[in-house]
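*Asks:* What follows is the file target03.pdb, containing PDB, C-alpha atoms and all ligand atoms:
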```
ATOM      1  CA  MET A  63     -24.988  -5.929  -2.709
ATOM      2  CA  THR A  64     -25.891  -2.443  -1.624
ATOM      3  CA  GLU A  65     -24.212   0.906  -1.590
ATOM      4  CA  ILE A  66     -24.246   2.764   1.695
ATOM      5  CA  ARG A  67     -24.312   6.509   2.071
ATOM      6  CA  MET A  68     -21.497   8.139   3.986
ATOM      7  CA  GLU A  69     -23.925   9.915   6.334
ATOM      8  CA  ASP A  70     -25.557   6.675   7.434
ATOM      9  CA  ILE A  71     -22.561   4.475   7.803
ATOM     10  CA  LEU A  72     -21.542   5.118  11.394
ATOM     11  CA  GLN A  73     -25.109   4.682  12.596
ATOM     12  CA  GLU A  74     -25.326   1.402  10.710
ATOM     13  CA  ILE A  75     -22.072   0.210  12.234
ATOM     14  CA  LEU A  76     -23.181   1.040  15.759
ATOM     15  CA  LYS A  77     -26.337  -1.078  15.408
ATOM     16  CA  ALA A  78     -24.085  -4.128  15.672
ATOM     17  CA  SER A  79     -23.154  -5.260  19.152
ATOM     18  CA  SER A  80     -20.300  -7.429  17.932
ATOM     19  CA  ILE A  81     -17.992  -5.987  15.308
ATOM     20  CA  ALA A  82     -14.895  -7.376  13.607
ATOM     21  CA  ILE A  83     -12.503  -5.213  11.598
ATOM     22  CA  ALA A  84     -10.190  -6.800   9.019
ATOM     23  CA  GLY A  85      -7.684  -5.727   6.358
ATOM     24  CA  HIS A  86      -6.009  -7.396   3.396
ATOM     25  CA  VAL A  87      -3.099  -9.792   2.942
ATOM     26  CA  ARG A  88       0.398  -8.366   3.445
ATOM     27  CA  PRO A  89      -1.011  -5.203   5.047
ATOM     28  CA  ASP A  90       0.492  -1.933   3.811
ATOM     29  CA  GLY A  91       0.386   1.498   5.454
ATOM     30  CA  ASP A  92      -3.155   2.351   4.409
ATOM     31  CA  CYS A  93      -4.444  -1.075   5.440
ATOM     32  CA  VAL A  94      -2.821  -1.014   8.885
ATOM     33  CA  GLY A  95      -3.647   2.674   9.313
ATOM     34  CA  SER A  96      -7.312   2.315   8.397
ATOM     35  CA  CYS A  97      -7.899  -0.831  10.466
ATOM     36  CA  LEU A  98      -6.271   0.669  13.550
ATOM     37  CA  ALA A  99      -7.934   4.050  13.040
ATOM     38  CA  LEU A 100     -11.397   2.507  12.900
ATOM     39  CA  TYR A 101     -10.589   0.204  15.812
ATOM     40  CA  ASN A 102      -9.358   3.093  17.974
ATOM     41  CA  TYR A 103     -12.258   5.319  16.967
ATOM     42  CA  LEU A 104     -14.979   2.760  17.665
ATOM     43  CA  THR A 105     -13.318   1.625  20.892
ATOM     44  CA  THR A 106     -13.193   5.230  22.098
ATOM     45  CA  ILE A 107     -16.743   6.187  21.200
ATOM     46  CA  CYS A 108     -18.110   2.918  22.616
ATOM     47  CA  GLU A 109     -16.146   3.138  25.841
ATOM     48  CA  GLY A 110     -18.126   1.912  28.842
ATOM     49  CA  GLU A 111     -20.559  -0.107  26.739
ATOM     50  CA  ASP A 112     -19.715  -3.500  28.183
ATOM     51  CA  PHE A 113     -22.208  -5.293  25.934
ATOM     52  CA  ARG A 114     -20.229  -4.495  22.806
ATOM     53  CA  VAL A 115     -17.360  -6.504  21.347
ATOM     54  CA  ILE A 116     -14.920  -4.970  18.853
ATOM     55  CA  ASP A 117     -12.205  -7.246  17.475
ATOM     56  CA  LEU A 118      -9.425  -6.531  15.024
ATOM     57  CA  TYR A 119      -7.950  -9.046  12.562
ATOM     58  CA  LEU A 120      -4.704  -8.225  10.791
ATOM     59  CA  GLU A 121      -1.923 -10.356   9.378
ATOM     60  CA  ASP A 122       1.561  -9.641  10.696
ATOM     61  CA  ILE A 123       1.917  -5.890  11.057
ATOM     62  CA  PRO A 124       5.234  -4.683   9.581
ATOM     63  CA  GLU A 125       7.681  -3.692  12.313
ATOM     64  CA  LYS A 126       7.742  -0.020  11.294
ATOM     65  CA  PHE A 127       3.980   0.338  11.899
ATOM     66  CA  LYS A 128       4.002  -1.266  15.342
ATOM     67  CA  PHE A 129       4.284   2.082  17.155
ATOM     68  CA  LEU A 130       0.698   2.834  16.101
ATOM     69  CA  PRO A 131      -1.755   2.782  18.994
ATOM     70  CA  GLY A 132      -3.722  -0.471  19.068
ATOM     71  CA  SER A 133      -1.283  -2.506  16.948
ATOM     72  CA  ASP A 134      -0.791  -4.926  19.873
ATOM     73  CA  ARG A 135      -4.518  -5.644  19.961
ATOM     74  CA  SER A 136      -4.810  -7.375  16.606
ATOM     75  CA  LEU A 137      -5.732 -11.053  16.441
ATOM     76  CA  LYS A 138      -3.583 -12.869  13.905
ATOM     77  CA  GLU A 139      -5.446 -16.143  13.932
ATOM     78  CA  PRO A 140      -8.898 -16.522  12.440
ATOM     79  CA  SER A 141     -11.468 -17.420  15.036
ATOM     80  CA  ASN A 142     -14.691 -19.335  14.681
ATOM     81  CA  ARG A 143     -16.662 -16.646  16.334
ATOM     82  CA  SER A 144     -19.442 -14.996  14.474
ATOM     83  CA  TYR A 145     -20.040 -11.267  14.521
ATOM     84  CA  ASP A 146     -23.049  -9.107  13.812
ATOM     85  CA  LEU A 147     -20.858  -7.123  11.468
ATOM     86  CA  LEU A 148     -17.527  -7.596   9.741
ATOM     87  CA  ILE A 149     -15.945  -4.457   8.290
ATOM     88  CA  VAL A 150     -13.271  -5.142   5.661
ATOM     89  CA  LEU A 151     -11.001  -2.195   4.894
ATOM     90  CA  ASP A 152      -8.838  -1.302   1.870
ATOM     91  CA  CYS A 153      -9.544  -4.705   0.324
ATOM     92  CA  ALA A 154     -10.709  -4.922  -3.295
ATOM     93  CA  SER A 155     -11.594  -8.588  -3.624
ATOM     94  CA  MET A 156     -12.441 -11.723  -1.684
ATOM     95  CA  ASP A 157      -9.099 -13.421  -2.414
ATOM     96  CA  ARG A 158      -7.245 -10.522  -0.752
ATOM     97  CA  ILE A 159      -8.905 -10.988   2.626
ATOM     98  CA  GLY A 160      -6.107 -11.967   4.946
ATOM     99  CA  VAL A 161      -6.917 -13.784   8.161
ATOM    100  CA  ALA A 162     -10.644 -13.342   8.135
ATOM    101  CA  PRO A 163     -12.280 -15.603   5.504
ATOM    102  CA  SER A 164     -13.923 -17.742   8.175
ATOM    103  CA  VAL A 165     -15.088 -14.620   9.994
ATOM    104  CA  MET A 166     -16.466 -13.395   6.665
ATOM    105  CA  GLU A 167     -18.535 -16.565   6.277
ATOM    106  CA  GLN A 168     -19.887 -16.436   9.782
ATOM    107  CA  SER A 169     -20.740 -12.787  10.128
ATOM    108  CA  LEU A 170     -24.355 -11.715   9.761
ATOM    109  CA  GLN A 171     -23.505  -8.555   7.875
ATOM    110  CA  THR A 172     -20.399  -7.548   5.926
ATOM    111  CA  LEU A 173     -19.330  -4.073   4.938
ATOM    112  CA  CYS A 174     -16.371  -3.119   2.749
ATOM    113  CA  ILE A 175     -14.901   0.384   2.820
ATOM    114  CA  ASP A 176     -12.411   0.883   0.000
ATOM    115  CA  HIS A 177     -10.965   3.188  -2.668
ATOM    116  CA  HIS A 178      -9.755   0.683  -5.294
ATOM    117  CA  VAL A 179     -11.529   1.195  -8.588
ATOM    118  CA  SER A 180     -11.200  -2.564  -9.136
ATOM    119  CA  ASN A 181     -13.339  -3.395  -6.053
ATOM    120  CA  THR A 182     -15.494  -6.446  -6.826
ATOM    121  CA  HIS A 183     -18.318  -5.648  -4.366
ATOM    122  CA  PHE A 184     -17.753  -8.941  -2.593
ATOM    123  CA  ALA A 185     -19.245  -7.700   0.669
ATOM    124  CA  ARG A 186     -22.985  -7.397   1.360
ATOM    125  CA  ALA A 187     -22.595  -3.616   1.519
ATOM    126  CA  THR A 188     -19.849  -1.464   0.025
ATOM    127  CA  LEU A 189     -18.734   2.097   0.575
ATOM    128  CA  LEU A 190     -16.452   2.762  -2.378
ATOM    129  CA  ASP A 191     -14.820   6.048  -3.303
ATOM    130  CA  PRO A 192     -12.266   5.598  -6.105
ATOM    131  CA  GLY A 193     -11.597   9.341  -5.953
ATOM    132  CA  ALA A 194     -10.236   9.094  -2.410
ATOM    133  CA  SER A 195      -6.466   8.906  -2.008
ATOM    134  CA  SER A 196      -6.768   6.158   0.565
ATOM    135  CA  THR A 197      -9.172   4.215   2.729
ATOM    136  CA  CYS A 198      -8.011   6.411   5.618
ATOM    137  CA  GLU A 199      -9.311   9.459   3.752
ATOM    138  CA  ILE A 200     -12.775   7.858   3.446
ATOM    139  CA  LEU A 201     -12.745   6.963   7.140
ATOM    140  CA  PHE A 202     -11.921  10.552   8.052
ATOM    141  CA  GLU A 203     -14.973  11.707   6.082
ATOM    142  CA  MET A 204     -17.291   9.372   7.955
ATOM    143  CA  MET A 205     -15.933  10.131  11.418
ATOM    144  CA  ASP A 206     -17.073  12.951  13.658
ATOM    145  CA  TYR A 207     -14.063  15.302  13.700
ATOM    146  CA  ASP A 208     -14.546  16.260  17.346
ATOM    147  CA  ARG A 209     -14.364  12.625  18.389
ATOM    148  CA  ILE A 210     -11.136  11.855  16.529
ATOM    149  CA  ASP A 211      -8.461  11.650  19.211
ATOM    150  CA  ARG A 212      -4.729  11.764  18.643
ATOM    151  CA  ASN A 213      -4.429   7.964  18.470
ATOM    152  CA  THR A 214      -6.969   7.711  15.681
ATOM    153  CA  ALA A 215      -5.478  10.749  13.932
ATOM    154  CA  GLU A 216      -1.986   9.164  13.854
ATOM    155  CA  CYS A 217      -3.334   6.039  12.169
ATOM    156  CA  LEU A 218      -5.308   8.019   9.577
ATOM    157  CA  TYR A 219      -2.342  10.243   8.821
ATOM    158  CA  LEU A 220      -0.021   7.277   8.313
ATOM    159  CA  GLY A 221      -2.411   5.634   5.857
ATOM    160  CA  ILE A 222      -2.757   8.802   3.789
ATOM    161  CA  VAL A 223       1.017   9.381   3.755
ATOM    162  CA  HIS A 224       1.689   5.865   2.473
ATOM    163  CA  ASP A 225      -0.975   5.659  -0.234
ATOM    164  CA  THR A 226      -0.058   9.093  -1.603
ATOM    165  CA  GLY A 227       3.719   8.435  -1.443
ATOM    166  CA  VAL A 228       3.963  11.404   0.940
ATOM    167  CA  PHE A 229       1.492  13.540  -1.028
ATOM    168  CA  ARG A 230       3.299  13.045  -4.363
ATOM    169  CA  HIS A 231       1.093  10.620  -6.304
ATOM    170  CA  SER A 232      -1.681  11.945  -8.516
ATOM    171  CA  CYS A 233      -4.331  10.541  -6.122
ATOM    172  CA  THR A 234      -3.488  13.474  -3.815
ATOM    173  CA  THR A 235      -6.237  16.120  -3.990
ATOM    174  CA  GLN A 236      -6.906  19.448  -2.340
ATOM    175  CA  ARG A 237      -9.209  17.572   0.029
ATOM    176  CA  THR A 238      -6.432  15.096   0.899
ATOM    177  CA  LEU A 239      -4.219  17.974   1.981
ATOM    178  CA  GLU A 240      -7.043  19.599   3.944
ATOM    179  CA  ILE A 241      -7.591  16.339   5.804
ATOM    180  CA  ALA A 242      -3.861  16.006   6.481
ATOM    181  CA  GLY A 243      -3.927  19.532   7.888
ATOM    182  CA  ALA A 244      -6.891  18.722  10.098
ATOM    183  CA  LEU A 245      -5.027  15.681  11.420
ATOM    184  CA  VAL A 246      -1.896  17.734  12.110
ATOM    185  CA  GLU A 247      -4.136  19.956  14.218
ATOM    186  CA  LYS A 248      -4.877  16.891  16.347
ATOM    187  CA  GLY A 249      -1.194  16.755  17.293
ATOM    188  CA  VAL A 250       0.012  14.067  14.903
ATOM    189  CA  PRO A 251       3.854  13.842  14.947
ATOM    190  CA  PHE A 252       4.013  14.148  11.178
ATOM    191  CA  SER A 253       7.790  14.428  10.708
ATOM    192  CA  ARG A 254       8.354  11.303  12.734
ATOM    193  CA  ILE A 255       5.666   9.339  10.911
ATOM    194  CA  ILE A 256       6.983  10.331   7.475
ATOM    195  CA  ASP A 257      10.656   9.743   8.317
ATOM    196  CA  GLU A 258      10.385   6.582  10.366
ATOM    197  CA  THR A 259       7.732   4.746   8.363
ATOM    198  CA  PHE A 260       8.350   5.969   4.824
ATOM    199  CA  TYR A 261      11.900   7.165   4.248
ATOM    200  CA  GLN A 262      13.881   5.341   6.904
ATOM    201  CA  LYS A 263      16.047   2.474   5.674
ATOM    202  CA  THR A 264      18.188  -0.031   7.478
ATOM    203  CA  TYR A 265      21.933   0.209   6.936
ATOM    204  CA  LEU A 266      21.697  -2.902   4.774
ATOM    205  CA  GLN A 267      18.946  -1.382   2.624
ATOM    206  CA  ASN A 268      21.061   1.716   2.113
ATOM    207  CA  GLN A 269      24.045  -0.385   1.099
ATOM    208  CA  ILE A 270      21.929  -2.278  -1.430
ATOM    209  CA  LEU A 271      20.519   0.999  -2.740
ATOM    210  CA  GLY A 272      24.037   2.417  -3.119
ATOM    211  CA  ARG A 273      25.201  -0.685  -4.873
ATOM    212  CA  CYS A 274      22.308  -0.618  -7.362
ATOM    213  CA  LEU A 275      22.842   3.075  -8.118
ATOM    214  CA  LEU A 276      26.557   2.514  -8.599
ATOM    215  CA  GLU A 277      25.979  -0.379 -11.006
ATOM    216  CA  SER A 278      23.288   1.415 -13.018
ATOM    217  CA  ILE A 279      23.716   2.343 -16.665
ATOM    218  CA  MET A 280      22.031   5.003 -18.808
ATOM    219  CA  VAL A 281      20.834   3.814 -22.207
ATOM    220  CA  LEU A 282      18.755   5.013 -25.184
ATOM    221  CA  ASP A 283      20.181   8.551 -25.159
ATOM    222  CA  GLY A 284      19.826   8.781 -21.391
ATOM    223  CA  ARG A 285      16.074   8.175 -21.550
ATOM    224  CA  VAL A 286      16.208   4.847 -19.716
ATOM    225  CA  ILE A 287      18.200   3.755 -16.674
ATOM    226  CA  VAL A 288      18.874   0.090 -15.951
ATOM    227  CA  SER A 289      20.294  -1.618 -12.907
ATOM    228  CA  SER A 290      20.570  -5.219 -11.823
ATOM    229  CA  ILE A 291      21.504  -7.189  -8.744
ATOM    230  CA  SER A 292      22.849 -10.715  -8.865
ATOM    231  CA  ARG A 293      21.979 -13.517  -6.500
ATOM    232  CA  LYS A 294      25.569 -13.548  -5.287
ATOM    233  CA  ILE A 295      25.382  -9.922  -4.180
ATOM    234  CA  GLN A 296      22.004 -10.451  -2.506
ATOM    235  CA  GLU A 297      23.452 -13.395  -0.602
ATOM    236  CA  PHE A 298      26.572 -11.439   0.342
ATOM    237  CA  TYR A 299      24.435  -8.769   2.023
ATOM    238  CA  GLY A 300      21.813 -11.228   3.287
ATOM    239  CA  ALA A 301      19.193  -9.149   1.513
ATOM    240  CA  CYS A 302      15.599 -10.239   0.930
ATOM    241  CA  PRO A 303      13.422  -8.832  -1.898
ATOM    242  CA  ALA A 304      11.820  -6.284   0.477
ATOM    243  CA  ASP A 305      15.275  -4.792   1.085
ATOM    244  CA  LEU A 306      15.167  -3.553  -2.504
ATOM    245  CA  ASP A 307      11.983  -1.530  -1.909
ATOM    246  CA  GLY A 308      12.505   2.020  -3.069
ATOM    247  CA  VAL A 309      15.542   1.315  -5.253
ATOM    248  CA  ILE A 310      13.480   1.518  -8.453
ATOM    249  CA  ASP A 311      11.912   4.808  -7.314
ATOM    250  CA  GLN A 312      15.351   6.351  -6.792
ATOM    251  CA  LEU A 313      16.396   5.224 -10.276
ATOM    252  CA  ARG A 314      13.221   6.737 -11.760
ATOM    253  CA  VAL A 315      13.916  10.242 -10.448
ATOM    254  CA  THR A 316      17.263  10.409 -12.278
ATOM    255  CA  LYS A 317      17.214  13.618 -14.309
ATOM    256  CA  GLY A 318      16.314  13.149 -17.963
ATOM    257  CA  VAL A 319      15.053   9.605 -17.544
ATOM    258  CA  GLU A 320      11.692   8.437 -18.940
ATOM    259  CA  ALA A 321      11.799   4.957 -17.459
ATOM    260  CA  ALA A 322      13.745   2.873 -14.964
ATOM    261  CA  ILE A 323      14.366  -0.866 -14.942
ATOM    262  CA  LEU A 324      15.567  -2.895 -11.956
ATOM    263  CA  ILE A 325      16.422  -6.525 -12.522
ATOM    264  CA  ARG A 326      16.834  -8.889  -9.576
ATOM    265  CA  GLU A 327      18.280 -12.319 -10.217
ATOM    266  CA  GLU A 328      16.007 -14.751  -8.432
ATOM    267  CA  GLU A 329      17.470 -18.015  -9.610
ATOM    268  CA  SER A 330      20.060 -18.820 -12.197
ATOM    269  CA  GLN A 331      18.661 -17.512 -15.525
ATOM    270  CA  THR A 332      15.477 -16.240 -13.825
ATOM    271  CA  TYR A 333      14.987 -12.543 -13.221
ATOM    272  CA  LYS A 334      12.354 -10.417 -11.495
ATOM    273  CA  VAL A 335      11.959  -7.206 -13.453
ATOM    274  CA  SER A 336      10.519  -3.985 -11.995
ATOM    275  CA  MET A 337       9.794  -1.030 -14.224
ATOM    276  CA  ARG A 338       8.765   2.554 -13.517
ATOM    277  CA  SER A 339       7.859   5.252 -15.999
ATOM    278  CA  ASN A 340       7.501   8.989 -15.772
ATOM    279  CA  GLY A 341       4.531   8.869 -18.127
ATOM    280  CA  MET A 342       5.757   8.639 -21.692
ATOM    281  CA  ILE A 343       6.468   4.917 -21.684
ATOM    282  CA  ASN A 344       3.659   2.503 -20.838
ATOM    283  CA  VAL A 345       5.540  -0.087 -18.769
ATOM    284  CA  SER A 346       2.398  -2.111 -18.148
ATOM    285  CA  LYS A 347       2.273  -2.917 -21.873
ATOM    286  CA  ILE A 348       5.837  -4.219 -21.770
ATOM    287  CA  ALA A 349       5.266  -6.200 -18.569
ATOM    288  CA  VAL A 350       2.118  -7.779 -19.995
ATOM    289  CA  TYR A 351       4.000  -8.732 -23.173
ATOM    290  CA  PHE A 352       6.459 -10.684 -20.999
ATOM    291  CA  GLY A 353       3.726 -12.319 -18.932
ATOM    292  CA  GLY A 354       3.569  -9.848 -16.044
ATOM    293  CA  GLY A 355       1.335  -6.912 -15.259
ATOM    294  CA  GLY A 356       0.811  -3.733 -13.320
ATOM    295  CA  HIS A 357      -0.046  -0.114 -13.974
ATOM    296  CA  VAL A 358       0.920   2.261 -16.791
ATOM    297  CA  GLN A 359       3.682   3.807 -14.671
ATOM    298  CA  ALA A 360       4.628   0.863 -12.440
ATOM    299  CA  ALA A 361       4.778  -2.738 -13.595
ATOM    300  CA  GLY A 362       6.767  -5.924 -13.354
ATOM    301  CA  CYS A 363       7.351  -9.355 -14.831
ATOM    302  CA  THR A 364       9.536 -12.439 -14.542
ATOM    303  CA  MET A 365      11.944 -13.189 -17.385
ATOM    304  CA  GLU A 366      14.272 -16.035 -18.226
ATOM    305  CA  GLY A 367      17.548 -16.248 -20.104
ATOM    306  CA  SER A 368      20.817 -14.406 -19.725
ATOM    307  CA  LEU A 369      20.873 -10.979 -18.105
ATOM    308  CA  HIS A 370      22.137  -9.563 -21.362
ATOM    309  CA  ASP A 371      19.155 -10.947 -23.303
ATOM    310  CA  VAL A 372      16.671  -9.789 -20.660
ATOM    311  CA  ILE A 373      17.978  -6.223 -20.867
ATOM    312  CA  ASN A 374      18.061  -6.259 -24.669
ATOM    313  CA  ASN A 375      14.507  -7.574 -24.939
ATOM    314  CA  LEU A 376      13.161  -4.942 -22.553
ATOM    315  CA  LEU A 377      15.050  -2.132 -24.250
ATOM    316  CA  LEU A 378      13.702  -3.078 -27.695
ATOM    317  CA  HIS A 379      10.199  -2.404 -26.383
ATOM    318  CA  MET A 380      11.193   0.782 -24.620
ATOM    319  CA  GLU A 381      12.959   2.021 -27.725
ATOM    320  CA  SER A 382       9.964   1.430 -29.978
ATOM    321  CA  GLN A 383       7.697   3.304 -27.561
ATOM    322  CA  LEU A 384      10.158   6.201 -27.400
ATOM    323  CA  GLN A 385      10.368   6.209 -31.181
ATOM    324  CA  ALA A 386       6.601   6.293 -31.453
ATOM    325  CA  ALA A 387       6.660   9.312 -29.147
ATOM    326  CA  GLY A 388       9.368  10.897 -31.286
ATOM    327  CA  GLN A 389      11.917  10.817 -28.477
ATOM    328  CA  VAL A 390      14.807   8.915 -30.049
ATOM    329  CA  SER A 391      16.027   8.783 -33.581
TER
HETATM  330 MN    MN A 401      -5.256   1.872   0.146
END
```
Please render this file's structure as structure tokens.

*Replies:*
Amino acid sequence: MTEIRMEDILQEILKASSIAIAGHVRPDGDCVGSCLALYNYLTTICEGEDFRVIDLYLEDIPEKFKFLPGSDRSLKEPSNRSYDLLIVLDCASMDRIGVAPSVMEQSLQTLCIDHHVSNTHFARATLLDPGASSTCEILFEMMDYDRIDRNTAECLYLGIVHDTGVFRHSCTTQRTLEIAGALVEKGVPFSRIIDETFYQKTYLQNQILGRCLLESIMVLDGRVIVSSISRKIQEFYGACPADLDGVIDQLRVTKGVEAAILIREEESQTYKVSMRSNGMINVSKIAVYFGGGGHVQAAGCTMEGSLHDVINNLLLHMESQLQAAGQVS
């Protein structure tokens, strides 16, 4: 277990003549963006070196990220080949490594580049910066700006956009915005990336969103908003859980609201609960109480019983937190 300095990292990487790059399970924007950015960057700077092998391992890349340069080059199946160096990106622990556990075992050296404060230092060497908005931001810092081409820049930009929620989350710093600006200078089509990979929804997703907003209710003096979706409705639209992505965030930005609750019926009497808070209510505490988990402002749990009981139980906890904060009488 060693820490590597940013200045030395590229040199260290280039000592290896066979390199594998891998991300985490169910790759998100920052994972896909960072893996493809590093792949494109190394492939470009090593062009013409026919002795060197650079392979990329990623689980199924979500459709909306497939326009990124290099996405067709990823190997989905683990191979038995061994590499001089495996670089794992945006992955905090061993159990999150997607397709590459066998590659991990067989590689001579392993390096993890990550920004999760919970990183377990599972790799032989780790470059960890919990202050970075994203793994893409760390990669930008270690790359030579003049050698970042537009392909690499697009991937980096996408990763930063996704992990910062389009520069809204508190992980966004002055430096994050400077980096985004530097990437825009490389010709990144930023409007298209933000619209088509972050905000765009299918017609079905929009219908589900509309339905959930329409069915929502304001409770506890308008401090909490609750919505639910039954199995019947999900089946009617042919919606899968991912089609509800973003619904809870739209509920949360309702004016006056401290917290939002979205309840999805999974099976009869079994509900998946998502909660978001604007800061005053600690939803992680409530989720943990009901056997789930998450962060202070975003958490979830599974609950059983009638919908009515589920809502009442959650609201009791929200109410007592609001009372403690002096927000409801
Ligand atoms: Mn990330």

*Asks:* Rank nothing, just name the residue among A:Leu104, A:Ile149, A:Val309, A:Leu220 nearest to ligand MN 401 (chain A), using all atoms listed in the file.

*Replies:* A:Leu220

*Asks:* One decimal, in Å: what's the spacing between CA of Cys198 (chain A) and CA of Tyr219 (chain A)?

*Replies:*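 CA of Tyr219 (chain A) lies 7.6 Å from CA of Cys198 (chain A).
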
*Asks:* Please list as a list in words every residue within 7 Å of region 287-304 of chain A, counting only C-alpha atoms and excluding residues in the same chain fewer than 3 positions away.

*Replies:*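 The residues satisfying every condition are Cys274, Glu277, Ser278, Ile279, Met280, Val281, Asp307, Leu313, Val319, Ala321, Ala322, Ile323, Leu324, Ile325, Arg326, Glu327 and Glu328 of chain A.
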
*Asks:* Which is closest to Pro140 (chain A) among A:Gln267, A:Ser164, A:Ser155, A:Gln389, if we use all atoms listed in the file?

*Replies:*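 Closest to Pro140 (chain A) of all the choices is A:Ser164.
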
*Asks:* Could you list, as JSON, numbers by chain, every residue within 10 Å of Phe202 (chain A), counting all atoms listed in the file and ignoring same-chain residues fewer than 3 positions away?

*Replies:* {"A": [96, 99, 100, 197, 198, 199, 205, 206, 207, 210, 214, 215, 218, 219, 241, 242, 244, 245]}

*Asks:* Put those residues in a file: C-alpha atoms, as an mmCIF file, in the coordinates of the input.

*Replies:*
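Wrote it out as again-v8.cif, contents follow:
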```cif
data_model
loop_
_atom_site.group_PDB
_atom_site.id
_atom_site.type_symbol
_atom_site.label_atom_id
_atom_site.label_comp_id
_atom_site.auth_asym_id
_atom_site.auth_seq_id
_atom_site.Cartn_x
_atom_site.Cartn_y
_atom_site.Cartn_z
ATOM 1 C CA SER A 96 -7.312 2.315 8.397
ATOM 2 C CA ALA A 99 -7.934 4.050 13.040
ATOM 3 C CA LEU A 100 -11.397 2.507 12.900
ATOM 4 C CA THR A 197 -9.172 4.215 2.729
ATOM 5 C CA CYS A 198 -8.011 6.411 5.618
ATOM 6 C CA GLU A 199 -9.311 9.459 3.752
ATOM 7 C CA MET A 205 -15.933 10.131 11.418
ATOM 8 C CA ASP A 206 -17.073 12.951 13.658
ATOM 9 C CA TYR A 207 -14.063 15.302 13.700
ATOM 10 C CA ILE A 210 -11.136 11.855 16.529
ATOM 11 C CA THR A 214 -6.969 7.711 15.681
ATOM 12 C CA ALA A 215 -5.478 10.749 13.932
ATOM 13 C CA LEU A 218 -5.308 8.019 9.577
ATOM 14 C CA TYR A 219 -2.342 10.243 8.821
ATOM 15 C CA ILE A 241 -7.591 16.339 5.804
ATOM 16 C CA ALA A 242 -3.861 16.006 6.481
ATOM 17 C CA ALA A 244 -6.891 18.722 10.098
ATOM 18 C CA LEU A 245 -5.027 15.681 11.420
#
```

*Asks:* With only C-alpha atoms and all ligand atoms counted, collect every polymer residue having an atom within 9 Å of ligand MN 401 (chain A); state the result as a list of chain:residue names.

*Replies:*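 Checking only C-alpha atoms and all ligand atoms against ligand MN 401 (chain A) at 9 Å gives A:Asp90, A:Gly91, A:Asp92, A:Cys93, A:Ser96, A:Leu151, A:Asp152, A:Cys153, A:Asp176, A:His177, A:His178, A:Ser195, A:Ser196, A:Thr197, A:Cys198, A:Gly221, A:Ile222, A:His224, A:Asp225.
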
*Asks:* Put a box with edges along x, y and z around all the listed atoms of region 360-369 of chain A, pad it by 3 Å on each side, then give me its centre and sizes in Å, one decimal, as AutoDock Vina command-line options.

*Replies:*
```
--center_x 12.8 --center_y -7.7 --center_z -16.3 --size_x 22.2 --size_y 23.1 --size_z 13.7
```
